[in-house]
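Here's structure28.cif, which has mmCIF, C-alpha atoms:
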```cif
data_start
loop_
_atom_site.label_atom_id
_atom_site.label_comp_id
_atom_site.auth_asym_id
_atom_site.auth_seq_id
_atom_site.Cartn_x
_atom_site.Cartn_y
_atom_site.Cartn_z
CA MET A 3 -4.47 14.30 6.72
CA THR A 4 -7.15 16.76 7.59
CA VAL A 5 -10.68 15.52 7.90
CA THR A 6 -13.48 17.99 7.63
CA ARG A 7 -16.19 17.37 10.16
CA THR A 8 -19.64 18.46 9.20
CA ALA A 9 -22.27 19.55 11.70
CA GLU A 10 -23.95 16.17 11.23
CA HIS A 11 -20.72 14.38 12.13
CA GLN A 12 -20.25 16.52 15.21
CA GLN A 13 -23.75 15.63 16.35
CA LEU A 14 -22.97 11.96 15.93
CA ASP A 15 -19.78 12.42 17.94
CA ARG A 16 -21.83 13.99 20.70
CA LEU A 17 -24.45 11.21 20.63
CA LEU A 18 -21.77 8.52 20.85
CA LEU A 19 -20.05 10.32 23.73
CA GLN A 20 -23.38 10.58 25.54
CA SER A 21 -24.03 6.89 24.89
CA GLY A 22 -20.69 6.26 26.60
CA ARG A 23 -22.20 7.90 29.67
CA SER A 24 -25.15 5.47 29.49
CA ASP A 25 -27.55 8.01 27.99
CA GLN A 26 -30.22 5.76 26.50
CA GLN A 27 -32.00 8.51 24.60
CA ALA A 28 -28.76 9.49 22.89
CA PHE A 29 -28.06 5.85 22.05
CA ALA A 30 -31.53 5.44 20.52
CA GLU A 31 -31.02 8.60 18.49
CA LEU A 32 -27.58 7.37 17.39
CA TYR A 33 -29.19 4.14 16.20
CA ARG A 34 -31.88 6.05 14.33
CA ARG A 35 -29.31 8.16 12.53
CA THR A 36 -26.68 5.55 11.74
CA SER A 37 -28.31 2.11 11.50
CA SER A 38 -29.31 2.38 7.81
CA LYS A 39 -25.78 3.33 6.87
CA LEU A 40 -24.21 0.48 8.84
CA MET A 41 -26.86 -1.96 7.59
CA GLY A 42 -25.85 -1.00 4.04
CA VAL A 43 -22.20 -1.70 4.85
CA CYS A 44 -23.01 -5.11 6.37
CA LEU A 45 -25.45 -6.14 3.67
CA ARG A 46 -22.97 -5.31 0.93
CA MET A 47 -20.46 -7.69 2.48
CA LEU A 48 -22.71 -10.45 3.76
CA ARG A 49 -25.22 -10.35 0.90
CA ASP A 50 -27.90 -11.78 3.15
CA ARG A 51 -30.40 -9.62 4.94
CA GLY A 52 -30.86 -11.95 7.88
CA ALA A 53 -27.12 -12.26 8.47
CA ALA A 54 -26.63 -8.51 8.10
CA GLU A 55 -29.34 -7.81 10.65
CA GLU A 56 -27.80 -10.26 13.10
CA VAL A 57 -24.43 -8.57 12.75
CA LEU A 58 -26.04 -5.15 13.05
CA GLN A 59 -27.62 -6.18 16.33
CA GLU A 60 -24.25 -7.38 17.58
CA ILE A 61 -22.67 -4.09 16.49
CA TYR A 62 -25.01 -1.86 18.49
CA ILE A 63 -24.77 -4.05 21.55
CA THR A 64 -20.99 -3.67 21.34
CA VAL A 65 -21.36 0.08 20.71
CA TRP A 66 -23.34 0.45 23.92
CA HIS A 67 -20.74 -1.42 25.92
CA ARG A 68 -17.71 0.24 24.34
CA ALA A 69 -18.96 3.77 23.70
CA ALA A 70 -17.08 4.99 26.77
CA SER A 71 -13.81 4.16 25.01
CA PHE A 72 -14.65 6.37 22.02
CA ASP A 73 -12.19 9.24 21.67
CA ALA A 74 -13.47 11.99 19.38
CA ALA A 75 -9.92 13.35 19.07
CA LYS A 76 -8.78 10.17 17.32
CA ALA A 77 -11.63 9.44 14.94
CA SER A 78 -15.13 10.61 14.13
CA ALA A 79 -18.05 8.62 15.48
CA MET A 80 -18.97 7.63 11.94
CA THR A 81 -15.46 6.26 11.31
CA TRP A 82 -15.52 4.46 14.64
CA LEU A 83 -18.90 2.88 13.88
CA THR A 84 -18.08 2.02 10.28
CA THR A 85 -14.79 0.43 11.27
CA MET A 86 -16.50 -1.69 13.91
CA SER A 87 -19.17 -2.71 11.40
CA ARG A 88 -16.63 -3.73 8.77
CA ASN A 89 -14.65 -5.70 11.34
CA LYS A 90 -17.70 -7.56 12.60
CA ALA A 91 -18.94 -8.30 9.09
CA ILE A 92 -15.49 -9.58 8.06
CA ASP A 93 -15.30 -11.73 11.20
CA ARG A 94 -18.61 -13.25 10.24
CA LEU A 95 -17.40 -13.89 6.69
CA ARG A 96 -14.25 -15.59 7.99
CA GLN A 97 -16.27 -17.80 10.32
CA HIS A 98 -18.19 -19.13 7.35
CA ARG A 99 -15.15 -19.29 5.14
CA GLU A 100 -14.82 -23.07 5.18
CA GLU A 101 -18.22 -23.35 3.55
CA LEU A 102 -17.33 -20.83 0.89
CA LEU A 103 -13.90 -22.25 0.08
CA ASP A 104 -15.39 -25.21 -1.74
CA ASN A 105 -17.63 -22.96 -3.75
CA PRO A 106 -15.73 -19.85 -4.75
CA LEU A 107 -17.81 -17.24 -6.46
CA THR A 108 -17.09 -16.90 -10.12
CA LEU A 109 -15.88 -13.80 -11.87
CA ASP A 110 -19.28 -12.86 -13.24
CA GLU A 111 -20.69 -12.88 -9.74
CA MET A 112 -18.25 -10.22 -8.70
CA VAL A 113 -19.52 -6.83 -7.71
CA ASP A 114 -19.50 -4.58 -10.74
CA ASP A 115 -16.84 -1.98 -10.83
CA GLN A 116 -19.37 0.73 -10.56
CA PRO A 117 -18.21 3.98 -11.98
CA SER A 118 -17.90 6.64 -9.36
CA PRO A 119 -21.10 8.63 -8.95
CA GLY A 120 -19.12 11.66 -10.00
CA ALA A 121 -18.78 14.96 -8.26
CA ASN A 122 -21.85 14.55 -6.13
CA ALA A 123 -22.29 17.49 -3.81
CA GLU A 124 -23.29 15.09 -1.06
CA ASN A 125 -20.02 13.21 -1.20
CA SER A 126 -17.23 14.42 1.01
CA GLN A 127 -14.04 15.92 -0.24
CA GLU A 128 -12.22 12.80 1.05
CA TYR A 129 -14.45 10.56 -1.01
CA ARG A 130 -13.96 12.51 -4.21
CA ARG A 131 -10.24 12.55 -3.66
CA LEU A 132 -10.13 8.80 -3.08
CA GLU A 133 -12.19 8.16 -6.21
CA SER A 134 -9.88 10.27 -8.32
CA CYS A 135 -6.87 8.36 -6.94
CA LEU A 136 -8.65 5.06 -7.66
CA ASP A 137 -9.31 6.23 -11.21
CA ALA A 138 -5.58 6.51 -11.70
CA LEU A 139 -5.07 2.79 -11.07
CA GLU A 140 -4.88 0.19 -13.81
CA PRO A 141 -8.50 -1.01 -14.40
CA ARG A 142 -8.09 -4.62 -13.25
CA GLN A 143 -6.22 -3.49 -10.14
CA ARG A 144 -8.82 -0.84 -9.38
CA ARG A 145 -11.54 -3.45 -9.74
CA SER A 146 -9.73 -5.80 -7.37
CA VAL A 147 -9.29 -3.09 -4.73
CA ARG A 148 -12.95 -2.12 -4.89
CA GLU A 149 -14.08 -5.74 -4.81
CA ALA A 150 -11.80 -6.40 -1.83
CA PHE A 151 -13.08 -3.39 0.08
CA PHE A 152 -16.77 -3.99 -0.53
CA SER A 153 -16.88 -7.77 -0.33
CA GLY A 154 -14.36 -8.37 2.46
CA ALA A 155 -12.92 -11.29 0.49
CA THR A 156 -9.47 -12.70 1.28
CA TYR A 157 -6.56 -12.71 -1.19
CA ASN A 158 -7.31 -16.36 -1.90
CA GLU A 159 -10.95 -15.71 -2.66
CA LEU A 160 -10.15 -12.69 -4.81
CA ALA A 161 -7.58 -14.65 -6.80
CA ALA A 162 -10.13 -17.43 -7.39
CA ARG A 163 -12.82 -14.96 -8.46
CA CYS A 164 -10.53 -13.21 -10.90
CA ASP A 165 -8.95 -16.48 -11.99
CA VAL A 166 -5.41 -15.25 -11.45
CA PRO A 167 -2.60 -16.78 -9.35
CA LEU A 168 -2.55 -15.77 -5.69
CA GLY A 169 0.80 -14.01 -6.17
CA THR A 170 -0.62 -11.89 -8.96
CA MET A 171 -3.58 -10.80 -6.85
CA LYS A 172 -1.30 -9.93 -3.94
CA SER A 173 0.96 -7.84 -6.10
CA TRP A 174 -2.00 -6.06 -7.77
CA ILE A 175 -3.48 -5.10 -4.42
CA ARG A 176 -0.20 -4.16 -2.78
CA ARG A 177 0.92 -2.06 -5.71
CA SER A 178 -2.49 -0.37 -5.73
CA LEU A 179 -2.33 0.35 -2.01
CA MET A 180 1.11 1.93 -2.32
CA GLN A 181 -0.03 3.97 -5.29
CA LEU A 182 -3.13 5.09 -3.40
CA ARG A 183 -1.07 6.15 -0.42
CA THR A 184 1.22 8.21 -2.58
CA CYS A 185 -1.70 9.80 -4.39
CA LEU A 186 -3.72 10.53 -1.23
CA ASP A 187 -0.82 11.83 0.84
CA SER A 188 0.55 14.09 -1.86
CA MET B 2 2.51 -15.71 4.15
CA ASN B 3 4.02 -12.27 4.02
CA THR B 4 6.64 -11.64 6.62
CA PRO B 5 7.09 -7.90 6.78
CA ILE B 6 10.75 -7.02 6.61
CA ASP B 7 10.76 -3.28 6.37
CA ASP B 8 8.64 -0.31 7.27
CA ASN B 9 6.93 -0.25 3.95
CA ASN B 10 5.78 -3.85 4.21
CA HIS B 11 4.63 -3.30 7.76
CA ASN B 12 2.55 -0.42 6.65
CA LEU B 13 1.14 -2.49 3.81
CA ARG B 14 -0.05 -5.14 6.22
CA TYR B 15 -2.05 -2.50 8.08
CA ALA B 16 -3.47 -1.35 4.75
CA GLU B 17 -4.38 -4.95 3.93
CA TYR B 18 -6.03 -5.24 7.32
CA VAL B 19 -8.20 -2.19 6.67
CA LEU B 20 -8.97 -3.25 3.11
CA GLY B 21 -10.13 -6.61 4.50
CA VAL B 22 -8.04 -9.08 2.49
CA LEU B 23 -6.23 -10.79 5.36
CA ASP B 24 -7.33 -14.20 6.59
CA ALA B 25 -8.64 -14.71 10.12
CA ASP B 26 -5.21 -15.46 11.66
CA ALA B 27 -3.46 -12.50 10.09
CA ARG B 28 -6.33 -10.22 11.11
CA ALA B 29 -6.07 -11.39 14.69
CA GLU B 30 -2.32 -10.69 14.64
CA VAL B 31 -2.82 -7.11 13.50
CA ALA B 32 -5.62 -6.56 16.03
CA HIS B 33 -3.26 -7.82 18.71
CA GLU B 34 -0.45 -5.51 17.57
CA MET B 35 -2.85 -2.55 17.66
CA LEU B 36 -3.60 -3.20 21.30
CA ALA B 37 0.07 -3.54 22.15
CA SER B 38 1.38 -0.57 20.23
CA ASP B 39 0.05 2.96 19.79
CA GLU B 40 2.22 3.32 16.73
CA VAL B 41 0.49 0.40 15.03
CA ALA B 42 -2.91 1.70 16.09
CA THR B 43 -2.06 5.05 14.52
CA ALA B 44 -0.86 3.43 11.30
CA VAL B 45 -4.11 1.47 11.04
CA ALA B 46 -6.19 4.57 11.82
CA LEU B 47 -4.38 6.44 9.06
CA TRP B 48 -5.31 3.74 6.55
CA GLN B 49 -8.88 3.84 7.78
CA SER B 50 -9.05 7.55 7.09
CA ARG B 51 -7.66 6.87 3.61
CA LEU B 52 -9.98 4.02 2.61
CA LEU B 53 -13.19 4.37 4.63
CA PRO B 54 -14.57 7.26 2.54
CA LEU B 55 -15.40 4.53 -0.02
CA THR B 56 -18.32 3.49 2.19
CA GLU B 57 -20.03 6.74 1.16
CA SER B 58 -20.91 5.06 -2.13
CA ILE B 59 -22.82 2.28 -0.35
CA GLU B 60 -26.54 2.79 -0.36
CA ASP B 61 -28.33 3.03 2.99
CA VAL B 62 -30.59 0.11 3.81
CA ALA B 63 -33.10 0.47 6.63
CA PRO B 64 -32.94 -2.52 8.98
CA ALA B 65 -36.23 -4.12 9.99
CA PRO B 66 -37.73 -2.61 13.15
CA TYR B 67 -37.26 -5.85 15.09
CA VAL B 68 -33.50 -5.28 15.06
CA TRP B 69 -33.87 -2.33 17.41
CA ALA B 70 -36.40 -4.24 19.49
CA ARG B 71 -33.85 -7.02 19.98
CA ILE B 72 -31.04 -4.59 20.85
CA HIS B 73 -33.38 -2.86 23.25
CA ASP B 74 -34.25 -6.19 24.90
CA ALA B 75 -30.69 -7.51 24.96
CA LEU B 76 -29.42 -4.37 26.70
CA LYS B 77 -32.49 -4.11 28.96
CA LEU B 78 -32.92 -0.44 28.10
CA ASP B 79 -35.61 1.62 29.81
CA ALA B 80 -36.28 3.95 26.91
CA PRO B 81 -39.33 3.05 24.87
CA ALA B 82 -38.57 0.34 22.36
CA SER B 83 -40.04 2.37 19.54
CA THR B 84 -37.79 5.42 19.89
CA PRO B 85 -35.63 4.97 16.83
CA ALA B 86 -38.59 4.04 14.68
CA ARG B 87 -39.50 7.67 14.22
CA ALA B 88 -38.44 7.59 10.60
CA THR B 89 -40.38 4.42 9.89
CA PRO B 90 -43.87 3.32 10.85
CA ARG B 91 -44.28 1.47 14.12
CA PRO B 92 -43.30 -2.23 14.01
CA ARG B 93 -45.57 -3.91 11.55
CA LEU B 94 -46.91 -7.36 11.24
CA TRP B 95 -44.43 -8.04 8.50
CA ASP B 96 -41.58 -7.81 10.96
CA ASN B 97 -43.06 -10.15 13.50
CA LEU B 98 -41.06 -13.31 12.94
CA ALA B 99 -42.91 -15.24 15.61
CA LEU B 100 -46.12 -14.63 13.72
CA TRP B 101 -44.54 -15.78 10.47
CA HIS B 102 -43.23 -18.88 12.09
CA TRP B 103 -46.62 -19.68 13.49
CA LEU B 104 -48.26 -19.04 10.14
CA GLY B 105 -45.74 -21.23 8.40
CA LEU B 106 -46.95 -24.19 10.39
CA GLY B 107 -50.53 -23.83 9.24
CA ALA B 108 -51.86 -25.64 6.20
CA SER B 109 -53.28 -22.64 4.39
CA ALA B 110 -50.51 -20.43 5.67
CA VAL B 111 -50.34 -18.25 2.62
CA ALA B 112 -54.04 -17.60 2.63
CA VAL B 113 -54.00 -16.60 6.27
CA ALA B 114 -50.84 -14.57 5.85
CA LEU B 115 -52.29 -12.61 2.99
CA LEU B 116 -55.51 -12.02 4.80
CA LEU B 117 -53.61 -10.56 7.73
CA VAL B 118 -51.01 -8.61 5.82
CA VAL B 119 -53.49 -7.19 3.39
CA ALA B 120 -56.43 -6.63 5.66
CA LEU B 121 -54.90 -5.43 8.90
CA PRO B 122 -53.09 -2.31 7.76
CA ARG B 123 -56.40 -0.98 6.47
CA HIS B 124 -58.15 -1.35 9.76
CA ALA B 125 -55.18 -0.11 11.69
CA ASN B 126 -54.71 2.92 9.52
CA VAL B 127 -58.12 4.25 8.65
CA THR B 128 -56.93 7.77 7.95
CA ALA B 129 -54.82 6.82 4.95
CA PRO B 130 -56.55 3.86 3.40
CA SER B 131 -55.01 3.65 -0.04
CA ALA B 132 -52.00 5.91 0.32
CA THR B 133 -49.79 2.85 0.46
CA SER B 134 -50.80 0.62 -2.38
CA VAL B 135 -50.01 -2.69 -0.78
CA ALA B 136 -48.35 -5.03 -3.20
CA TYR B 137 -47.66 -8.43 -1.76
CA MET B 138 -47.32 -11.71 -3.56
CA ALA B 139 -47.14 -15.14 -2.11
CA SER B 140 -46.26 -18.69 -2.94
CA THR B 141 -46.78 -22.05 -1.31
CA ILE B 142 -43.71 -24.08 -2.13
CA LYS B 143 -44.80 -27.70 -2.18
CA GLN B 144 -42.65 -30.82 -2.10
CA ASP B 145 -43.10 -33.89 -4.28
CA ASN B 146 -45.01 -35.65 -1.50
CA GLY B 147 -47.58 -32.86 -1.58
CA ALA B 148 -46.59 -31.39 1.79
CA THR B 149 -45.78 -27.69 1.96
CA GLY B 150 -42.05 -27.19 2.38
CA TRP B 151 -42.04 -23.42 2.74
CA THR B 152 -44.28 -20.46 2.22
CA ALA B 153 -42.92 -17.29 0.69
CA THR B 154 -44.42 -13.83 0.90
CA MET B 155 -42.97 -11.02 -1.16
CA ASP B 156 -43.22 -7.39 -0.11
CA LEU B 157 -42.81 -5.60 -3.41
CA GLN B 158 -42.82 -2.12 -2.00
CA HIS B 159 -39.84 -2.79 0.24
CA GLY B 160 -38.17 -5.30 -2.05
CA ARG B 161 -38.01 -8.20 0.33
CA MET B 162 -39.31 -11.68 0.81
CA ILE B 163 -39.85 -13.78 3.87
CA VAL B 164 -39.61 -17.54 3.52
CA VAL B 165 -41.10 -19.56 6.33
CA PRO B 166 -40.48 -23.30 6.70
CA ALA B 167 -43.61 -25.42 7.13
CA ALA B 168 -42.53 -29.07 6.95
CA PRO B 169 -39.42 -29.18 4.80
CA GLN B 170 -37.89 -32.60 4.22
CA ALA B 171 -34.57 -33.56 5.80
CA LEU B 172 -31.42 -32.97 3.74
CA ALA B 173 -28.16 -34.89 3.66
CA GLN B 174 -25.35 -33.69 5.91
CA GLY B 175 -23.54 -30.71 4.43
CA LYS B 176 -26.41 -29.75 2.13
CA ALA B 177 -28.65 -26.71 2.31
CA PRO B 178 -31.79 -25.46 0.55
CA GLU B 179 -31.42 -22.66 -1.98
CA LEU B 180 -34.35 -20.68 -3.33
CA TRP B 181 -34.70 -19.87 -7.04
CA LEU B 182 -37.00 -17.65 -9.02
CA ILE B 183 -37.95 -19.12 -12.39
CA PRO B 184 -39.54 -16.62 -14.79
CA ALA B 185 -41.69 -18.39 -17.41
CA GLY B 186 -39.48 -19.94 -20.07
CA GLN B 187 -36.26 -18.64 -18.54
CA LYS B 188 -33.37 -19.94 -16.54
CA PRO B 189 -33.61 -19.95 -12.73
CA ILE B 190 -32.32 -16.88 -10.90
CA ALA B 191 -30.76 -17.41 -7.46
CA VAL B 192 -32.72 -15.67 -4.71
CA GLY B 193 -30.74 -16.89 -1.73
CA MET B 194 -30.11 -19.61 0.82
CA ILE B 195 -33.06 -20.39 3.06
CA SER B 196 -33.37 -22.25 6.32
CA ARG B 197 -35.22 -25.44 7.20
CA GLU B 198 -35.60 -24.33 10.79
CA GLN B 199 -36.47 -20.67 10.85
CA PRO B 200 -37.92 -17.89 8.72
CA THR B 201 -35.45 -16.26 6.36
CA THR B 202 -35.76 -12.70 5.14
CA LEU B 203 -34.20 -12.07 1.76
CA ALA B 204 -33.65 -8.80 -0.04
CA LEU B 205 -35.09 -8.68 -3.55
CA ALA B 206 -32.89 -6.77 -5.96
CA PRO B 207 -34.70 -4.55 -8.49
CA ALA B 208 -33.70 -6.93 -11.30
CA LEU B 209 -35.33 -9.78 -9.42
CA LEU B 210 -38.43 -7.76 -8.53
CA LYS B 211 -38.99 -7.11 -12.23
CA GLN B 212 -39.22 -10.85 -12.87
CA LEU B 213 -41.81 -11.49 -10.20
CA GLY B 214 -45.27 -12.12 -11.58
CA ALA B 215 -48.06 -14.62 -11.91
CA THR B 216 -46.16 -16.53 -14.60
CA ALA B 217 -43.04 -16.96 -12.49
CA ALA B 218 -42.45 -19.79 -10.06
CA LEU B 219 -40.29 -20.42 -7.03
CA ALA B 220 -38.25 -23.56 -6.57
CA VAL B 221 -35.95 -24.97 -3.90
CA SER B 222 -32.91 -27.05 -4.80
CA VAL B 223 -30.40 -28.93 -2.68
CA GLU B 224 -27.01 -27.20 -2.76
CA PRO B 225 -23.75 -26.95 -0.84
CA PRO B 226 -24.13 -24.69 2.23
CA GLY B 227 -22.55 -21.70 0.46
CA GLY B 228 -24.99 -21.95 -2.43
CA SER B 229 -24.74 -23.33 -5.95
CA PRO B 230 -21.18 -22.90 -7.24
CA THR B 231 -22.38 -22.44 -10.82
CA GLY B 232 -25.15 -19.86 -10.44
CA GLN B 233 -27.65 -22.51 -11.59
CA PRO B 234 -29.22 -25.30 -9.53
CA THR B 235 -26.78 -28.22 -9.24
CA GLY B 236 -28.75 -30.50 -6.89
CA PRO B 237 -32.26 -31.95 -7.15
CA VAL B 238 -35.26 -29.62 -7.01
CA ILE B 239 -37.22 -30.68 -3.93
CA ALA B 240 -40.07 -28.15 -3.89
CA LYS B 241 -41.90 -25.83 -6.27
CA GLY B 242 -44.61 -23.23 -6.06
CA ALA B 243 -46.51 -20.85 -8.30
CA ILE B 244 -46.57 -17.18 -7.41
CA GLY B 245 -49.97 -15.70 -6.68
CA ALA B 246 -51.38 -12.21 -7.14
CA ALA B 247 -49.60 -10.17 -9.76
CA PRO B 248 -48.45 -6.66 -8.92
CA ASP B 249 -50.24 -5.08 -11.86
CA VAL B 250 -52.38 -1.97 -11.95
CA GLN B 251 -55.08 -4.04 -10.31
CA GLY B 252 -52.72 -4.67 -7.42
CA ASN B 253 -54.20 -1.93 -5.34
CA LYS B 254 -57.70 -3.12 -5.94
CA VAL B 255 -56.87 -6.74 -5.30
CA ALA B 256 -54.97 -5.83 -2.18
CA MET B 257 -57.94 -3.95 -0.81
CA ASN B 258 -60.13 -6.93 -1.37
CA GLY B 259 -58.75 -9.47 1.02
CA ASP B 260 -61.14 -12.24 0.02
CA GLY B 261 -60.46 -11.96 -3.68
CA HIS B 262 -56.75 -12.02 -3.03
CA VAL B 263 -56.98 -15.16 -0.98
CA GLU B 264 -59.18 -16.90 -3.49
CA ARG B 265 -56.73 -16.27 -6.25
CA THR B 266 -53.90 -17.64 -4.21
CA ARG B 267 -55.77 -20.78 -3.41
CA ALA B 268 -56.72 -21.43 -7.01
#
```

What does the file become when written as structure tokens?
Amino acid sequence: MTVTRTAEHQQLDRLLLQSGRSDQQAFAELYRRTSSKLMGVCLRMLRDRGAAEEVLQEIYITVWHRAASFDAAKASAMTWLTTMSRNKAIDRLRQHREELLDNPLTLDEMVDDQPSPGANAENSQEYRRLESCLDALEPRQRRSVREAFFSGATYNELAARCDVPLGTMKSWIRRSLMQLRTCLDS
Amino acid sequence: MNTPIDDNNHNLRYAEYVLGVLDADARAEVAHEMLASDEVATAVALWQSRLLPLTESIEDVAPAPYVWARIHDALKLDAPASTPARATPRPRLWDNLALWHWLGLGASAVAVALLLVVALPRHANVTAPSATSVAYMASTIKQDNGATGWTATMDLQHGRMIVVPAAPQALAQGKAPELWLIPAGQKPIAVGMISREQPTTLALAPALLKQLGATAALAVSVEPPGGSPTGQPTGPVIAKGAIGAAPDVQGNKVAMNGDGHVERTRA
């Protein structure tokens, strides 16, 4: 799979590499350029500004300590940062899972299956391709995949929200993932 | 639990990991496998490159300036603490949680808060007096015993609210306070969980912002820690407060007149 790297992405790669060499100016600039994006990712999952800001703080502290392990040949800085953010936000969700289990969100509280913003020039080729592959999924399955990705909910939570048996939710998601792989890799 | 038996299932588990549907134990297993095997790490990375482009559709949200200040302090960086704030104004009073906490303890907290929030930016920024039409609203959320439980200040321009505990009553074990917005004659709308110990900053969605006004009220109910399971208050309402200073066309004028603003809030 080829990933096009824009000039902006290359600059971020450079800033992260420099942060790995303890360059504080580069780290500050990296924060300035990426924190709003990562905050958006965390807030979407955690749905609480205070919690998202706490996780964001944790993320950049980890970035500073682990930047030296970043390998630009394996992933872009943005992918590296986004992955770390998702992982930390999901960890946080799982820690508080016991509280949520008694009070599963209901279906109408689920994130809307927002229609794709269309062929926006700002969106990458990868994004548009993924959206077109998602569009090919059966609507309920597409909605479940999107909800899973954006909310970080477990199979159990998703099944409760959609009011379907756990097995059904698992098979929806797994079938969708296989279909997406076929579509994206073709 | 899914026990992967063939390649395909293995690969699916890595996809599930990236999608975020696995529980804590299964996630830890995959993370462990990634460390132990380059092949697994590559399979996971491949799924990341497939699914992560979805994050492009998530809107950017600027974190409060104190986040960088805390990172800066935690890492003991030498660079000036304000470096990344280039895109945003220097740390403002709004973001000073210590100040909010202190204000929350005072009796006429809202009055003082408004005076500071409304008046200070004008003095601090003489060159552009009315360029930013300040639109703040506030509420003193009082308990049945008459004591202030919390104070809430809403920053309409940035769509956020800070709720500061004053002297909230104790709650039963396993219960937590949830804040509601009640537009006149309508059903309560959940704003978010708040804390009895520390200030909570909550994002105000556009739909919620629209409902804010002098005829709306705030209320706090006792709920399970994750929030009301029904979307409506399920426990007793322990505190209520009217919302002061409407964000109408007069907002700018009112905001510039600190005294008038405070008077209205007190009334």

Distance filter 6 Å, all atoms listed in the file, chain A against chain B, as a PyMOL selection string
chain A and resi 30+34+38-39+41-42+51-52+59+101-102+105+129+151+154-157

Test item: residues at most 9 Å from B:Ala217, all atoms listed in the file, excluding those fewer than 6 positions along its chain, as an mmCIF file with C-alpha atoms, in the frame of the given file:
```cif
data_model
loop_
_atom_site.group_PDB
_atom_site.id
_atom_site.type_symbol
_atom_site.label_atom_id
_atom_site.label_comp_id
_atom_site.auth_asym_id
_atom_site.auth_seq_id
_atom_site.Cartn_x
_atom_site.Cartn_y
_atom_site.Cartn_z
ATOM 1 C CA LEU B 182 -37.000 -17.650 -9.020
ATOM 2 C CA ILE B 183 -37.950 -19.120 -12.390
ATOM 3 C CA PRO B 184 -39.540 -16.620 -14.790
ATOM 4 C CA ALA B 185 -41.690 -18.390 -17.410
ATOM 5 C CA GLY B 186 -39.480 -19.940 -20.070
ATOM 6 C CA ALA B 243 -46.510 -20.850 -8.300
ATOM 7 C CA ILE B 244 -46.570 -17.180 -7.410
#
```

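Here atom CA of A:Ser24 stands at a distance of 21.3 Å from atom CA of A:Leu40.
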
Ranking A:Arg88, A:Arg49, A:Arg96, A:Arg131 by minimum distance to A:Asp187 and counting all atoms listed in the file, which one comes first?
A:Arg131

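Note that atom CA of A:Ile61 and atom CA of A:Arg144 are 29.5 Å apart.
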
Reconstruct stretch 225-237 of chain B at the level of N, CA and C atoms, and format the result as a compact mmCIF listing (two decimals), keeping the file's coordinate frame.
```txt
# COMPACT_ATOMS: atom_id res chain seq x y z
N PRO B 225 -24.73 -27.08 -1.93
CA PRO B 225 -23.75 -26.95 -0.84
C PRO B 225 -24.14 -25.75 0.04
N PRO B 226 -23.70 -25.73 1.30
CA PRO B 226 -24.13 -24.69 2.23
C PRO B 226 -23.87 -23.26 1.73
N GLY B 227 -22.84 -23.05 0.94
CA GLY B 227 -22.55 -21.70 0.46
C GLY B 227 -23.37 -21.33 -0.76
N GLY B 228 -24.20 -22.23 -1.24
CA GLY B 228 -24.99 -21.95 -2.43
C GLY B 228 -24.40 -22.63 -3.65
N SER B 229 -25.19 -22.69 -4.72
CA SER B 229 -24.74 -23.33 -5.95
C SER B 229 -23.45 -22.67 -6.45
N PRO B 230 -22.43 -23.48 -6.77
CA PRO B 230 -21.18 -22.90 -7.24
C PRO B 230 -21.28 -22.39 -8.69
N THR B 231 -22.31 -22.78 -9.39
CA THR B 231 -22.38 -22.44 -10.82
C THR B 231 -23.31 -21.28 -11.12
N GLY B 232 -24.15 -20.88 -10.15
CA GLY B 232 -25.15 -19.86 -10.44
C GLY B 232 -26.43 -20.47 -10.99
N GLN B 233 -26.45 -21.78 -11.18
CA GLN B 233 -27.65 -22.51 -11.59
C GLN B 233 -27.81 -23.68 -10.62
N PRO B 234 -29.04 -24.18 -10.46
CA PRO B 234 -29.22 -25.30 -9.53
C PRO B 234 -28.33 -26.48 -9.93
N THR B 235 -27.64 -27.06 -8.95
CA THR B 235 -26.78 -28.22 -9.24
C THR B 235 -27.35 -29.48 -8.60
N GLY B 236 -28.16 -29.33 -7.56
CA GLY B 236 -28.75 -30.50 -6.89
C GLY B 236 -30.21 -30.66 -7.31
N PRO B 237 -30.86 -31.71 -6.81
CA PRO B 237 -32.26 -31.95 -7.15
C PRO B 237 -33.18 -30.84 -6.66
```
